[in-house]
Amino acid sequence: MNKLGIRIAIMCLLVGIATAAFAVPPSEVVRVQGNQTFTGTCCFPWGETVTVIEPRVVVPVVVTWSTDYLTTAGNVVFEVGVSVNGHPCLNRGTLNEFVSPDGTATSSTFQWLISPSDGLIKGTNNITLCGGSASGGSITIGFNTLAARMSK
Amino acid sequence: MSRAFSLRRAILTSLAILTLLAAATQAFAVPAKQVLKVTHNQTFVGQCCFSWAETVSVGEPKTPVPVVVTFTTDFLVNPPALDDFVVGLSVNGGPCLAYGPVTLSDVVIVLNHFTERSFEWIVPPGASGTHKGTNTFTLCGGAVNHPDGSITLGFNSLAVRISQ
């Protein structure tokens, strides 16, 4: 029975480790509480990176970016996406012109699915927000969050 | 070692494994308190910030980890003020704070037509008031400029997670 007790203890330990592994690691989330203004043609890094640790068999990653923003006037359209491990900016979505008479922002949320073929590798992967203008002008990003989670 | 004893040990070990797996699986399911779905309209009047009466809760482990809160809603800004609104979170009854984007803007509103927004907020451990054990996250907000600013939230959902 002692051996059985040891086995159960080991299994409990493994379940505990598994539970800890499911918690959100701090490196998988970024929160920015200030304004950043970007000018320039797509695509360049927007200075926000999250990191995920991929297992031996690489799995897809879901990345969510949620932001306040406003743009300059003049049919301004910005593109935003993610760069995986320094690869080109992928999965680009659109932030349309938003100019408010009183200077307040609007909000938008994107969710991107990053596939292993997008450049994910076993081990540490850096996923960086990127984008730029498709039509000139500038964009100011307000409070925003960037979060990644691996599919299980 | 007798065959009967080996069989008994194998059965006990298997039962232990199955029990632990069942417990672990249940632990990874989304508890009901972590999600809230509202399927009716609610109108809030007033300047920021006050409670919007939607709360979810989640248990933090001994060493708190970041919490991710997602809010998705239909909304309509009402006349005559047509003000901009902000929305945030009160953690464990604390002040209404921004944990990411906050803006529910009136500029794109067509009168009497709902539009929708989604927010994902990150509540870091410690400084924001989260602690080991149960933590509550209550939606809060209000008009930016006018005390009589009015917003109607339509169908919406609020969800919190610390696990994938």
# chains A, B, ... in the order shown; residues from 1 in each chain; ligands from 1
call {"tool": "interface_residues", "arguments": {"of": "chain B", "to": "chain A", "cutoff": "6 Å", "atoms": "only C-alpha atoms", "output": "list in words"}}
result
Gly100, Pro101, Thr103, Ser105, Ser118, Phe119, Glu120, Ile162, Ser163 and Gln164 of chain B
call {"tool": "write_last_selection", "arguments": {"atoms": "N, CA and C atoms", "output": "tab-separated table (two decimals), in the first residue's frame"}}
result
chain	number	residue	atom	x	y	z
B	100	GLY	N	-7.91	48.37	-19.89
B	100	GLY	CA	-7.76	48.23	-21.34
B	100	GLY	C	-8.61	49.31	-21.97
B	101	PRO	N	-9.08	49.09	-23.19
B	101	PRO	CA	-9.90	50.12	-23.84
B	101	PRO	C	-11.20	50.35	-23.06
B	103	THR	N	-13.83	52.91	-24.45
B	103	THR	CA	-14.72	53.84	-25.13
B	103	THR	C	-15.94	53.18	-25.75
B	105	SER	N	-18.36	54.94	-27.93
B	105	SER	CA	-18.53	56.25	-28.54
B	105	SER	C	-19.89	56.42	-29.16
B	118	SER	N	-16.72	44.99	-28.51
B	118	SER	CA	-16.11	43.96	-27.66
B	118	SER	C	-14.87	44.53	-26.99
B	119	PHE	N	-14.66	44.14	-25.76
B	119	PHE	CA	-13.48	44.58	-25.01
B	119	PHE	C	-12.82	43.36	-24.38
B	120	GLU	N	-11.50	43.37	-24.38
B	120	GLU	CA	-10.79	42.38	-23.58
B	120	GLU	C	-9.87	43.14	-22.63
B	162	ILE	N	-8.95	32.78	-15.78
B	162	ILE	CA	-7.53	32.78	-15.44
B	162	ILE	C	-6.86	31.58	-16.09
B	163	SER	N	-7.65	30.79	-16.78
B	163	SER	CA	-7.09	29.58	-17.38
B	163	SER	C	-7.53	29.49	-18.82
B	164	GLN	N	-6.78	28.70	-19.58
B	164	GLN	CA	-7.07	28.57	-21.01
B	164	GLN	C	-8.04	27.45	-21.27
call {"tool": "select_by_dssp", "arguments": {"residues": "chain A", "states": "helix (DSSP H, G or I)", "output": "number ranges by chain"}}
result
A: 2-22, 26-28, 116-118
call {"tool": "atom_distance", "arguments": {"atom1": "CA of Val144 in chain B", "atom2": "CA of Cys96 in chain B"}}
result
13.5 Å
call {"tool": "residues_around", "arguments": {"residues": "Val58 in chain A", "least_positions_apart": "4", "cutoff": "9 Å", "atoms": "only C-alpha atoms", "output": "NGL selection string"}}
result
:A and (54 or 115-116 or 120-123)
call {"tool": "write_last_selection", "arguments": {"atoms": "C-alpha atoms", "output": "PDB file, in the first residue's frame"}}
result
ATOM      1  CA  GLU A  54       4.904  26.051 -27.802  1.00  0.00           C
ATOM      2  CA  SER A 115      -1.294  28.689 -37.392  1.00  0.00           C
ATOM      3  CA  PRO A 116       1.921  26.703 -37.116  1.00  0.00           C
ATOM      4  CA  LEU A 120       5.360  29.226 -34.860  1.00  0.00           C
ATOM      5  CA  ILE A 121       8.125  26.996 -33.584  1.00  0.00           C
ATOM      6  CA  LYS A 122       8.669  24.664 -30.645  1.00  0.00           C
ATOM      7  CA  GLY A 123       9.667  26.677 -27.586  1.00  0.00           C
TER       8      GLY A 123
END
call {"tool": "atom_distance", "arguments": {"atom1": "CA of Pro88 in chain A", "atom2": "CA of Gly119 in chain A"}}
result
9.7 Å
